[in-house]
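Source file: coords-v8.txt; contents: compact mmCIF, C-alpha atoms and all ligand atoms.
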```txt
# COMPACT_ATOMS: atom_id res chain seq x y z
CA MET A 1155 0.00 0.00 0.00
CA SER A 1156 1.42 3.39 -0.92
CA PRO A 1157 1.68 5.84 1.97
CA LYS A 1158 -0.97 8.54 2.25
CA PRO A 1159 0.00 11.94 0.82
CA ARG A 1160 1.35 14.31 3.46
CA LEU A 1161 -0.79 17.34 4.28
CA PHE A 1162 0.07 20.40 6.37
CA SER A 1163 -2.01 23.35 7.52
CA GLY A 1164 -2.19 25.78 10.41
CA MET A 1165 -3.98 28.63 12.13
CA GLN A 1166 -2.81 31.49 14.28
CA PRO A 1167 -3.87 31.53 17.93
CA SER A 1168 -4.47 35.24 17.67
CA ALA A 1169 -7.95 35.37 19.21
CA GLU A 1170 -9.88 33.71 22.02
CA SER A 1171 -11.95 31.86 19.49
CA LEU A 1172 -11.83 30.75 15.86
CA HIS A 1173 -14.60 32.15 13.65
CA ILE A 1174 -17.01 30.71 11.14
CA GLY A 1175 -14.62 31.64 8.28
CA ASN A 1176 -11.84 29.51 9.82
CA TYR A 1177 -14.36 26.75 10.40
CA ILE A 1178 -15.80 26.71 6.87
CA GLY A 1179 -12.65 27.73 4.99
CA ALA A 1180 -10.33 25.35 6.83
CA LEU A 1181 -11.45 23.14 9.73
CA LEU A 1182 -14.32 21.42 7.93
CA GLN A 1183 -11.98 20.37 5.14
CA TRP A 1184 -9.25 19.35 7.56
CA LYS A 1185 -11.59 16.99 9.32
CA GLU A 1186 -12.46 15.25 6.03
CA LEU A 1187 -8.88 15.18 4.80
CA GLN A 1188 -7.35 13.59 7.86
CA THR A 1189 -8.54 10.15 6.79
CA SER A 1190 -7.24 10.32 3.20
CA HIS A 1191 -3.97 12.07 4.13
CA ASP A 1192 -1.10 11.87 6.58
CA ALA A 1193 -2.20 15.15 8.12
CA ILE A 1194 -0.23 17.58 10.25
CA PHE A 1195 -2.05 20.53 11.82
CA CYS A 1196 -0.17 23.28 13.56
CA ILE A 1197 -1.06 26.13 15.89
CA VAL A 1198 1.25 28.79 14.56
CA ASP A 1199 2.10 30.85 17.63
CA LEU A 1200 5.35 32.16 16.11
CA HIS A 1201 3.27 33.63 13.30
CA ALA A 1202 0.87 35.18 15.81
CA ILE A 1203 3.65 37.21 17.45
CA THR A 1204 4.42 39.01 14.18
CA VAL A 1205 1.82 41.46 15.49
CA ALA A 1206 1.70 42.48 19.17
CA GLN A 1207 0.10 39.88 21.48
CA ASP A 1208 -0.53 39.98 25.20
CA PRO A 1209 1.71 37.16 26.57
CA ALA A 1210 -0.83 35.65 28.99
CA ALA A 1211 -3.59 35.84 26.39
CA LEU A 1212 -1.38 34.23 23.74
CA ARG A 1213 -0.66 31.24 25.97
CA GLU A 1214 -4.35 30.84 26.75
CA ASN A 1215 -5.42 31.33 23.11
CA THR A 1216 -2.93 28.68 22.01
CA ARG A 1217 -4.68 26.14 24.25
CA ARG A 1218 -8.07 27.42 23.15
CA THR A 1219 -7.15 26.98 19.49
CA ALA A 1220 -5.96 23.41 20.16
CA ALA A 1221 -9.20 22.64 21.99
CA GLN A 1222 -11.24 23.96 19.06
CA TYR A 1223 -9.29 21.89 16.52
CA ILE A 1224 -10.00 18.75 18.54
CA ALA A 1225 -13.62 19.69 19.27
CA ALA A 1226 -14.23 20.30 15.56
CA GLY A 1227 -13.09 16.79 14.78
CA ILE A 1228 -9.30 16.78 14.41
CA ASP A 1229 -8.25 13.59 16.17
CA PRO A 1230 -4.76 13.91 17.71
CA GLN A 1231 -4.38 10.13 17.54
CA VAL A 1232 -4.96 10.15 13.78
CA SER A 1233 -3.43 13.50 12.78
CA THR A 1234 -0.42 15.26 14.25
CA LEU A 1235 -1.63 18.37 16.07
CA PHE A 1236 1.05 20.53 17.65
CA VAL A 1237 2.24 24.00 18.61
CA GLN A 1238 4.75 25.56 16.22
CA SER A 1239 7.12 26.92 18.89
CA HIS A 1240 7.48 23.40 20.33
CA VAL A 1241 9.42 22.35 17.23
CA ALA A 1242 12.57 24.47 16.94
CA ALA A 1243 13.20 23.40 13.35
CA HIS A 1244 10.49 25.84 12.13
CA PRO A 1245 12.34 29.11 12.81
CA GLN A 1246 15.63 27.37 11.97
CA LEU A 1247 14.53 26.41 8.46
CA ALA A 1248 12.81 29.80 8.07
CA TRP A 1249 16.19 31.48 8.57
CA VAL A 1250 17.76 29.47 5.75
CA LEU A 1251 14.78 30.27 3.50
CA ASN A 1252 15.12 33.97 4.34
CA THR A 1253 18.57 33.85 2.78
CA ILE A 1254 17.21 32.69 -0.59
CA THR A 1255 14.14 34.99 -0.61
CA GLY A 1256 14.33 38.24 -2.54
CA PHE A 1257 13.50 41.44 -0.73
CA GLY A 1258 11.29 42.48 -3.65
CA GLU A 1259 9.62 39.09 -3.72
CA ALA A 1260 8.70 39.32 -0.03
CA SER A 1261 7.56 42.93 -0.52
CA ARG A 1262 4.97 41.80 -3.05
CA MET A 1263 3.05 39.64 -0.56
CA THR A 1264 -0.41 41.18 -0.35
CA GLN A 1265 -1.00 40.07 3.25
CA PHE A 1266 2.16 41.91 4.33
CA LYS A 1267 1.11 44.99 2.38
CA ASP A 1268 -2.38 44.96 3.98
CA LYS A 1269 -1.15 44.37 7.52
CA ALA A 1270 1.71 46.86 7.19
CA ALA A 1271 -0.69 49.49 5.82
CA LYS A 1272 -2.94 48.95 8.84
CA GLN A 1273 -0.07 49.53 11.29
CA GLY A 1274 1.80 52.16 9.31
CA ALA A 1275 4.77 50.84 7.30
CA ASP A 1276 7.35 51.98 9.89
CA ALA A 1277 5.59 50.14 12.72
CA ALA A 1278 5.48 46.82 10.84
CA SER A 1279 8.11 44.40 12.17
CA VAL A 1280 10.76 42.43 10.31
CA GLY A 1281 8.93 39.38 11.67
CA LEU A 1282 5.77 40.41 9.83
CA PHE A 1283 7.80 40.84 6.66
CA ALA A 1284 9.27 37.35 7.11
CA TYR A 1285 5.88 35.75 7.91
CA PRO A 1286 5.70 33.99 4.50
CA THR A 1287 9.14 32.37 4.79
CA LEU A 1288 8.22 30.94 8.19
CA MET A 1289 5.04 29.60 6.59
CA ALA A 1290 7.15 28.08 3.79
CA ALA A 1291 9.33 26.42 6.45
CA ASP A 1292 6.22 24.95 8.12
CA ILE A 1293 5.18 23.29 4.88
CA LEU A 1294 8.59 22.23 3.54
CA LEU A 1295 9.89 20.69 6.78
CA TYR A 1296 7.29 17.94 6.39
CA ASN A 1297 7.53 17.66 2.60
CA ALA A 1298 3.78 18.29 2.55
CA VAL A 1299 2.22 18.00 -0.90
CA ALA A 1300 -1.26 19.23 0.08
CA VAL A 1301 -1.92 22.53 1.83
CA PRO A 1302 -5.62 23.20 2.49
CA VAL A 1303 -6.16 26.94 3.05
CA GLY A 1304 -8.58 29.76 2.35
CA ASP A 1305 -7.80 31.71 -0.83
CA ASP A 1306 -6.12 34.53 1.13
CA GLN A 1307 -3.17 32.15 1.67
CA LYS A 1308 -2.72 31.09 -1.94
CA GLN A 1309 0.04 33.61 -2.64
CA HIS A 1310 2.03 32.32 0.34
CA VAL A 1311 1.79 28.73 -0.90
CA GLU A 1312 2.93 29.90 -4.34
CA LEU A 1313 5.95 31.58 -2.74
CA THR A 1314 6.62 28.31 -0.89
CA ARG A 1315 6.71 26.49 -4.24
CA ASP A 1316 9.10 29.07 -5.69
CA LEU A 1317 11.42 28.72 -2.68
CA ALA A 1318 11.31 24.91 -2.83
CA ASN A 1319 12.20 25.05 -6.51
CA ARG A 1320 15.00 27.53 -5.95
CA PHE A 1321 16.49 25.52 -3.10
CA ASN A 1322 16.23 22.25 -5.05
CA THR A 1323 17.90 23.83 -8.09
CA ARG A 1324 20.68 25.42 -6.09
CA PHE A 1325 21.43 22.67 -3.57
CA GLY A 1326 19.99 19.47 -5.08
CA PRO A 1327 16.54 17.84 -4.75
CA THR A 1328 15.44 18.31 -1.14
CA PHE A 1329 11.84 19.47 -0.89
CA ALA A 1330 8.57 18.04 -2.24
CA MET A 1331 6.43 20.48 -4.22
CA PRO A 1332 3.35 21.57 -2.24
CA GLU A 1333 -0.04 22.32 -3.85
CA PRO A 1334 -2.59 24.69 -2.35
CA MET A 1335 -5.99 23.00 -1.89
CA ILE A 1336 -8.71 25.59 -2.11
CA LEU A 1337 -12.43 24.91 -2.13
CA THR A 1338 -13.43 27.88 -4.24
CA GLU A 1339 -17.05 28.26 -3.23
CA THR A 1340 -16.20 28.44 0.46
CA ALA A 1341 -12.72 29.91 0.20
CA ARG A 1342 -13.85 33.24 1.58
CA ILE A 1343 -16.49 33.97 4.20
CA TYR A 1344 -17.26 37.66 4.63
CA ASP A 1345 -17.91 39.81 7.69
CA LEU A 1346 -21.67 39.82 8.42
CA GLN A 1347 -21.69 43.58 9.03
CA ASN A 1348 -19.34 44.40 6.20
CA PRO A 1349 -19.81 41.84 3.43
CA GLY A 1350 -17.15 43.59 1.34
CA SER A 1351 -14.38 42.38 3.70
CA LYS A 1352 -13.38 38.88 4.64
CA MET A 1353 -14.26 37.80 8.16
CA SER A 1354 -11.14 38.26 10.24
CA LYS A 1355 -9.93 37.55 13.78
CA SER A 1356 -8.44 41.03 13.83
CA ALA A 1357 -11.51 42.94 12.59
CA GLU A 1358 -11.94 46.34 14.26
CA SER A 1359 -15.51 45.57 15.25
CA THR A 1360 -16.50 41.99 15.99
CA SER A 1361 -20.25 42.50 15.57
CA GLY A 1362 -20.03 40.82 12.15
CA VAL A 1363 -17.71 38.01 13.27
CA VAL A 1364 -19.36 34.75 14.35
CA TRP A 1365 -17.08 33.08 16.91
CA LEU A 1366 -17.13 29.34 17.42
CA LEU A 1367 -17.08 29.87 21.20
CA ASP A 1368 -19.79 32.56 21.32
CA GLU A 1369 -22.83 31.77 23.45
CA PRO A 1370 -25.56 30.36 21.16
CA SER A 1371 -27.82 33.37 21.86
CA VAL A 1372 -25.05 35.75 20.73
CA THR A 1373 -24.50 33.74 17.54
CA ALA A 1374 -28.21 33.80 16.71
CA LYS A 1375 -28.37 37.55 17.33
CA LYS A 1376 -25.39 38.24 15.05
CA ILE A 1377 -26.91 36.24 12.22
CA LYS A 1378 -30.29 37.92 12.54
CA ALA A 1379 -28.54 41.32 12.49
CA ALA A 1380 -26.45 40.48 9.38
CA VAL A 1381 -26.40 43.24 6.77
CA THR A 1382 -28.43 42.35 3.66
CA ASP A 1383 -29.89 44.85 1.16
CA ALA A 1384 -33.06 46.78 0.44
CA GLY A 1385 -34.57 43.93 -1.61
CA ARG A 1386 -36.48 40.87 -0.42
CA GLU A 1387 -35.23 38.10 -2.65
CA VAL A 1388 -33.02 35.34 -1.26
CA ARG A 1389 -30.83 35.02 -4.35
CA TYR A 1390 -27.11 34.33 -4.85
CA ASP A 1391 -25.61 37.36 -6.60
CA VAL A 1392 -22.26 38.45 -5.19
CA ALA A 1393 -22.18 41.77 -7.06
CA GLU A 1394 -25.72 42.93 -6.25
CA LYS A 1395 -26.36 41.05 -3.01
CA PRO A 1396 -23.04 40.37 -1.23
CA GLY A 1397 -24.59 40.02 2.25
CA VAL A 1398 -27.29 37.55 1.20
CA SER A 1399 -24.82 35.61 -0.97
CA ASN A 1400 -22.46 35.21 2.00
CA LEU A 1401 -25.32 33.94 4.17
CA LEU A 1402 -26.36 31.52 1.42
CA THR A 1403 -22.81 30.15 1.27
CA ILE A 1404 -22.74 29.60 5.03
CA PHE A 1405 -26.19 27.98 4.99
CA ALA A 1406 -25.37 25.69 2.06
CA VAL A 1407 -22.10 24.44 3.57
CA LEU A 1408 -23.36 23.88 7.10
CA ALA A 1409 -26.68 22.30 6.10
CA ASP A 1410 -25.06 20.39 3.20
CA ARG A 1411 -27.59 21.85 0.76
CA SER A 1412 -27.18 23.38 -2.69
CA ILE A 1413 -27.57 27.14 -3.04
CA ALA A 1414 -30.21 26.58 -5.75
CA SER A 1415 -32.39 24.47 -3.45
CA LEU A 1416 -32.14 27.12 -0.71
CA GLU A 1417 -33.12 29.85 -3.19
CA ALA A 1418 -36.13 27.74 -4.17
CA ASP A 1419 -37.15 27.13 -0.54
CA TYR A 1420 -37.06 30.82 0.36
CA ASP A 1421 -38.68 32.06 -2.84
CA GLY A 1422 -41.22 34.70 -1.79
CA LYS A 1423 -40.40 34.39 1.91
CA GLY A 1424 -38.09 37.36 2.58
CA TYR A 1425 -35.00 37.69 4.73
CA GLY A 1426 -36.51 37.24 8.21
CA ASP A 1427 -37.42 33.55 7.83
CA PHE A 1428 -34.17 32.85 6.04
CA LYS A 1429 -32.03 34.36 8.80
CA THR A 1430 -34.00 32.65 11.56
CA ASP A 1431 -33.47 29.26 9.94
CA LEU A 1432 -29.80 29.98 9.27
CA ALA A 1433 -29.30 31.00 12.91
CA GLU A 1434 -30.71 27.62 13.93
CA VAL A 1435 -28.36 25.76 11.58
CA VAL A 1436 -25.28 27.65 12.81
CA VAL A 1437 -26.19 27.22 16.48
CA ALA A 1438 -26.89 23.51 15.98
CA THR A 1439 -23.49 23.10 14.28
CA PHE A 1440 -21.47 25.08 16.79
CA ALA A 1441 -23.16 24.14 20.09
CA PRO A 1442 -21.57 20.68 20.36
CA VAL A 1443 -18.18 21.99 19.18
CA ARG A 1444 -18.31 24.75 21.79
CA ALA A 1445 -19.36 22.36 24.55
CA ARG A 1446 -16.56 19.91 23.73
CA ALA A 1447 -13.94 22.69 23.48
CA LEU A 1448 -14.93 24.08 26.89
CA GLU A 1449 -14.76 20.58 28.35
CA LEU A 1450 -11.23 20.08 26.98
CA LEU A 1451 -10.19 23.46 28.37
CA ASP A 1452 -11.30 22.33 31.83
CA ASP A 1453 -8.29 20.00 31.86
CA PRO A 1454 -5.36 22.06 30.53
CA ALA A 1455 -2.76 19.58 31.85
CA GLU A 1456 -4.20 16.80 29.68
CA LEU A 1457 -4.37 19.13 26.67
CA ASP A 1458 -0.72 20.12 27.20
CA ARG A 1459 0.23 16.45 27.44
CA VAL A 1460 -1.45 15.68 24.11
CA LEU A 1461 0.26 18.67 22.49
CA ALA A 1462 3.68 17.66 23.82
CA GLY A 1463 3.39 14.09 22.51
CA ASN A 1464 2.28 15.36 19.11
CA ALA A 1465 5.16 17.89 19.01
CA ASP A 1466 7.62 15.03 19.54
CA ARG A 1467 6.09 13.22 16.55
CA ALA A 1468 6.35 16.36 14.43
CA ALA A 1469 9.94 17.07 15.52
CA ALA A 1470 11.01 13.55 14.54
CA ILE A 1471 10.08 14.39 10.92
CA ALA A 1472 11.15 18.04 10.91
CA ASP A 1473 14.61 17.44 12.40
CA VAL A 1474 15.52 15.04 9.59
CA THR A 1475 14.62 17.63 6.94
CA LEU A 1476 16.47 20.38 8.76
CA ALA A 1477 19.61 18.25 9.08
CA THR A 1478 19.55 17.60 5.32
CA VAL A 1479 19.08 21.30 4.61
CA TYR A 1480 21.94 22.34 6.92
CA ASP A 1481 24.17 19.77 5.27
CA ARG A 1482 23.26 20.83 1.70
CA VAL A 1483 23.85 24.50 2.53
CA GLY A 1484 27.27 23.67 3.99
CA LEU A 1485 26.84 24.33 7.70
CA LEU A 1486 29.46 22.48 9.71
CA PRO A 1487 27.81 19.81 11.87
CA LYS A 1488 28.49 19.80 15.62
CA ARG A 1489 30.16 16.51 16.51
P1 LIG B 1 -5.11 32.25 9.88
O1 LIG B 1 -5.14 31.89 11.30
O2 LIG B 1 -5.17 33.68 9.52
O3 LIG B 1 -6.26 31.51 9.10
C1 LIG B 1 -6.48 30.12 9.27
C2 LIG B 1 -7.20 29.52 8.07
O4 LIG B 1 -8.51 30.06 7.95
C3 LIG B 1 -8.69 30.58 6.64
N1 LIG B 1 -9.56 31.77 6.75
C4 LIG B 1 -10.70 31.91 6.08
N2 LIG B 1 -11.34 31.10 5.21
C5 LIG B 1 -12.51 31.54 4.72
N3 LIG B 1 -13.06 32.74 5.04
C6 LIG B 1 -12.45 33.58 5.92
N4 LIG B 1 -13.03 34.74 6.25
C7 LIG B 1 -11.21 33.18 6.47
N5 LIG B 1 -10.35 33.74 7.36
C8 LIG B 1 -9.35 32.87 7.51
C9 LIG B 1 -7.29 30.95 6.18
O5 LIG B 1 -7.21 30.97 4.76
C10 LIG B 1 -6.48 29.82 6.75
O6 LIG B 1 -6.55 28.67 5.93
N6 LIG B 1 -0.90 31.96 7.35
C11 LIG B 1 -1.93 31.04 7.79
C12 LIG B 1 -1.44 30.15 8.91
C13 LIG B 1 -0.30 29.27 8.51
C14 LIG B 1 -0.35 28.19 7.57
C15 LIG B 1 0.96 27.65 7.55
C16 LIG B 1 -1.36 27.65 6.78
C17 LIG B 1 0.96 29.32 8.97
N7 LIG B 1 1.71 28.37 8.40
C18 LIG B 1 1.28 26.58 6.73
C19 LIG B 1 -1.02 26.58 5.95
C20 LIG B 1 0.27 26.05 5.93
C21 LIG B 1 -3.13 31.87 8.24
O7 LIG B 1 -3.47 32.80 7.61
O8 LIG B 1 -3.78 31.55 9.35
```

Rewrite the structure from the file as structure tokens, please.
Ligand code: TYM
Amino acid sequence: MSPKPRLFSGMQPSAESLHIGNYIGALLQWKELQTSHDAIFCIVDLHAITVAQDPAALRENTRRTAAQYIAAGIDPQVSTLFVQSHVAAHPQLAWVLNTITGFGEASRMTQFKDKAAKQGADAASVGLFAYPTLMAADILLYNAVAVPVGDDQKQHVELTRDLANRFNTRFGPTFAMPEPMILTETARIYDLQNPGSKMSKSAESTSGVVWLLDEPSVTAKKIKAAVTDAGREVRYDVAEKPGVSNLLTIFAVLADRSIASLEADYDGKGYGDFKTDLAEVVVATFAPVRARALELLDDPAELDRVLAGNADRAAAIADVTLATVYDRVGLLPKR
């Protein structure tokens, strides 16, 4: 039997809770993919500190993110689920990759440009600039061929491919070539109050962000208050009806229905009924995930134990790749 293809993905522990965009754009796919792939899922705390984090909150949010991965169906016995800073090879390989990355190339990353613009270019850190090379290190250390992400991360995976190619050409075949895996129809979930922007953990106002760990009554309220338009028709039309189209996407994915059948069901009914039913679907999906996550968080010592064991498994793979890279580059081994 041929081994399963290796898969790698990660999320930043930069908020108390993941949101419905992370859930639909990433976690739902991860859960499915862990049976067909040799899957490695990371909580990328070193990426999170590229913007200022409160130290105590970061530690807590790292556990909370792990709990949500597991509660959403990532099985740490089946997949490898670990914290990035527990495996030292990540920043070590990132350094080597920094040395073969062009300054101009890194400057073209749209996520860097967006985040730097938000902070003012002078306030943006070198760490933020180097975010994509650390992400490339994450993927290449495990020779992952599949990288399931939302479409906002596609450019970073393309840079990873370029760096893998460059390294392989310069130093000999070392890295496998990763492919982004993007489910186009769900690749981007938008803010419920501002359907022109993607839902984000770092949104200025969180009234349009549906958190996985929100109380069910808060979730229902946010969905009922979602911005729509002056019309009445429940119809998928991103240009004319971005708010309604976003809600239709969420409904279709979570209820496993087609958008066309939802449009037919709500024909002539207006937005009120539609939002009430959607609120029920979202609450029914998230309630058990929330309950399980909170239960896991009640026993942080056990959670830490699971994370430590998984980090050892990850390090066993990553250290081999790093040793090869150091050797190919010509670093003198310590004897
Ligand atoms: P992060 O934490 O910003 O996002 C985690 C995942 O959620 C997806 N996502 C969305 N999908 C749909 N709609 C949205 N509104 C939405 N917001 C976020 C993101 O595309 C992502 O898949 N840089 C990565 C973390 C990372 C990584 C990696 C991923 C670090 N190293 C290696 C893959 C492989 C990120 O943006 O995380």

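With the cut-off set to 6 Å and only C-alpha atoms and all ligand atoms counted, the residues surrounding ligand LIG 1 (chain B) are Phe1162, Ser1163, Gly1164, Met1165, Gln1166, Gly1175, Asn1176, Gly1179, Ala1180, Val1198, Met1289, Asp1292, Ile1293, Val1301, Val1303, Gly1304, Asp1305, Asp1306, Gln1307, Ala1341, Arg1342, Ile1343, Tyr1344, Lys1352, Met1353 and Ser1354 of chain A.
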
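Straight-line separation from CA of Phe1257 in chain A to CA of Ala1318 in chain A: 16.8 Å.
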
Answer as a PyMOL selection string, residues within 12 Å of (-23.2, 26.4, 26.7) using only C-alpha atoms: chain A and resi 1366-1373+1437-1438+1440-1449

Store the residues picked out above, limited to C-alpha atoms, as a tab-separated table (two decimals), in the coordinates of the input.
```
chain	number	residue	atom	x	y	z
A	1366	LEU	CA	-17.13	29.34	17.42
A	1367	LEU	CA	-17.08	29.87	21.20
A	1368	ASP	CA	-19.79	32.56	21.32
A	1369	GLU	CA	-22.83	31.77	23.45
A	1370	PRO	CA	-25.56	30.36	21.16
A	1371	SER	CA	-27.82	33.37	21.86
A	1372	VAL	CA	-25.05	35.75	20.73
A	1373	THR	CA	-24.50	33.74	17.54
A	1437	VAL	CA	-26.19	27.22	16.48
A	1438	ALA	CA	-26.89	23.51	15.98
A	1440	PHE	CA	-21.47	25.08	16.79
A	1441	ALA	CA	-23.16	24.14	20.09
A	1442	PRO	CA	-21.57	20.68	20.36
A	1443	VAL	CA	-18.18	21.99	19.18
A	1444	ARG	CA	-18.31	24.75	21.79
A	1445	ALA	CA	-19.36	22.36	24.55
A	1446	ARG	CA	-16.56	19.91	23.73
A	1447	ALA	CA	-13.94	22.69	23.48
A	1448	LEU	CA	-14.93	24.08	26.89
A	1449	GLU	CA	-14.76	20.58	28.35
```

Set the distance at 8 Å and use all atoms listed in the file: which residues neighbour Ala1406 in chain A once local chain neighbours fewer than 6 positions away are removed? I'd like the list as a PyMOL selection string. chain A and resi 1412-1413+1416

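Taking CA of Phe1236 in chain A as the reference point, CA of Ile1197 in chain A is found at 6.2 Å.
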
Could you work out how far CA of Leu1161 in chain A lies from CA of Gln1183 in chain A, giving the answer in Å with one decimal? 11.6 Å

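Using only C-alpha atoms for every distance, the candidate list A:Ala1384, A:Leu1408, A:Ala1211, A:Ala1278 yields A:Leu1408 as the residue closest to Tyr1177 in chain A.
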
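If you count only C-alpha atoms and ignore residues fewer than 5 places along the chain from range 1262-1273 of chain A, what sits within 12 Å of it is A:Thr1204, A:Val1205, A:Ala1206, A:Thr1255, A:Gly1256, A:Phe1257, A:Ala1278, A:Ser1279, A:Val1280, A:Gly1281, A:Leu1282, A:Phe1283, A:Ala1284, A:Tyr1285, A:Pro1286, A:Thr1287, A:Asp1305, A:Asp1306, A:Gln1307, A:Lys1308, A:Gln1309, A:His1310, A:Val1311, A:Glu1312, A:Leu1313, A:Thr1314, A:Ser1356, A:Ala1357, A:Glu1358.
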
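In terms of minimum interatomic distance to Ala1469 in chain A, A:Val1241 ranks closest within A:Leu1172, A:Val1241, A:Leu1247, A:Ala1221, counting only C-alpha atoms.
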
From (-30.7, 35.3, 16.9), in the file's coordinates, out to 10 Å: which residues are reached, counting only C-alpha atoms? Answer as number ranges by chain. A: 1370-1379, 1429-1434, 1437

Pick out the closest residue to Leu1402 in chain A from this set: A:Leu1346, A:Trp1365, A:Glu1170, A:Thr1478. Count all atoms listed in the file. A:Leu1346

Go through A:Cys1196, A:Ala1277, A:Ala1380, A:Val1392 and flag the residue nearest Pro1230 in chain A, using only C-alpha atoms for the distances. A:Cys1196
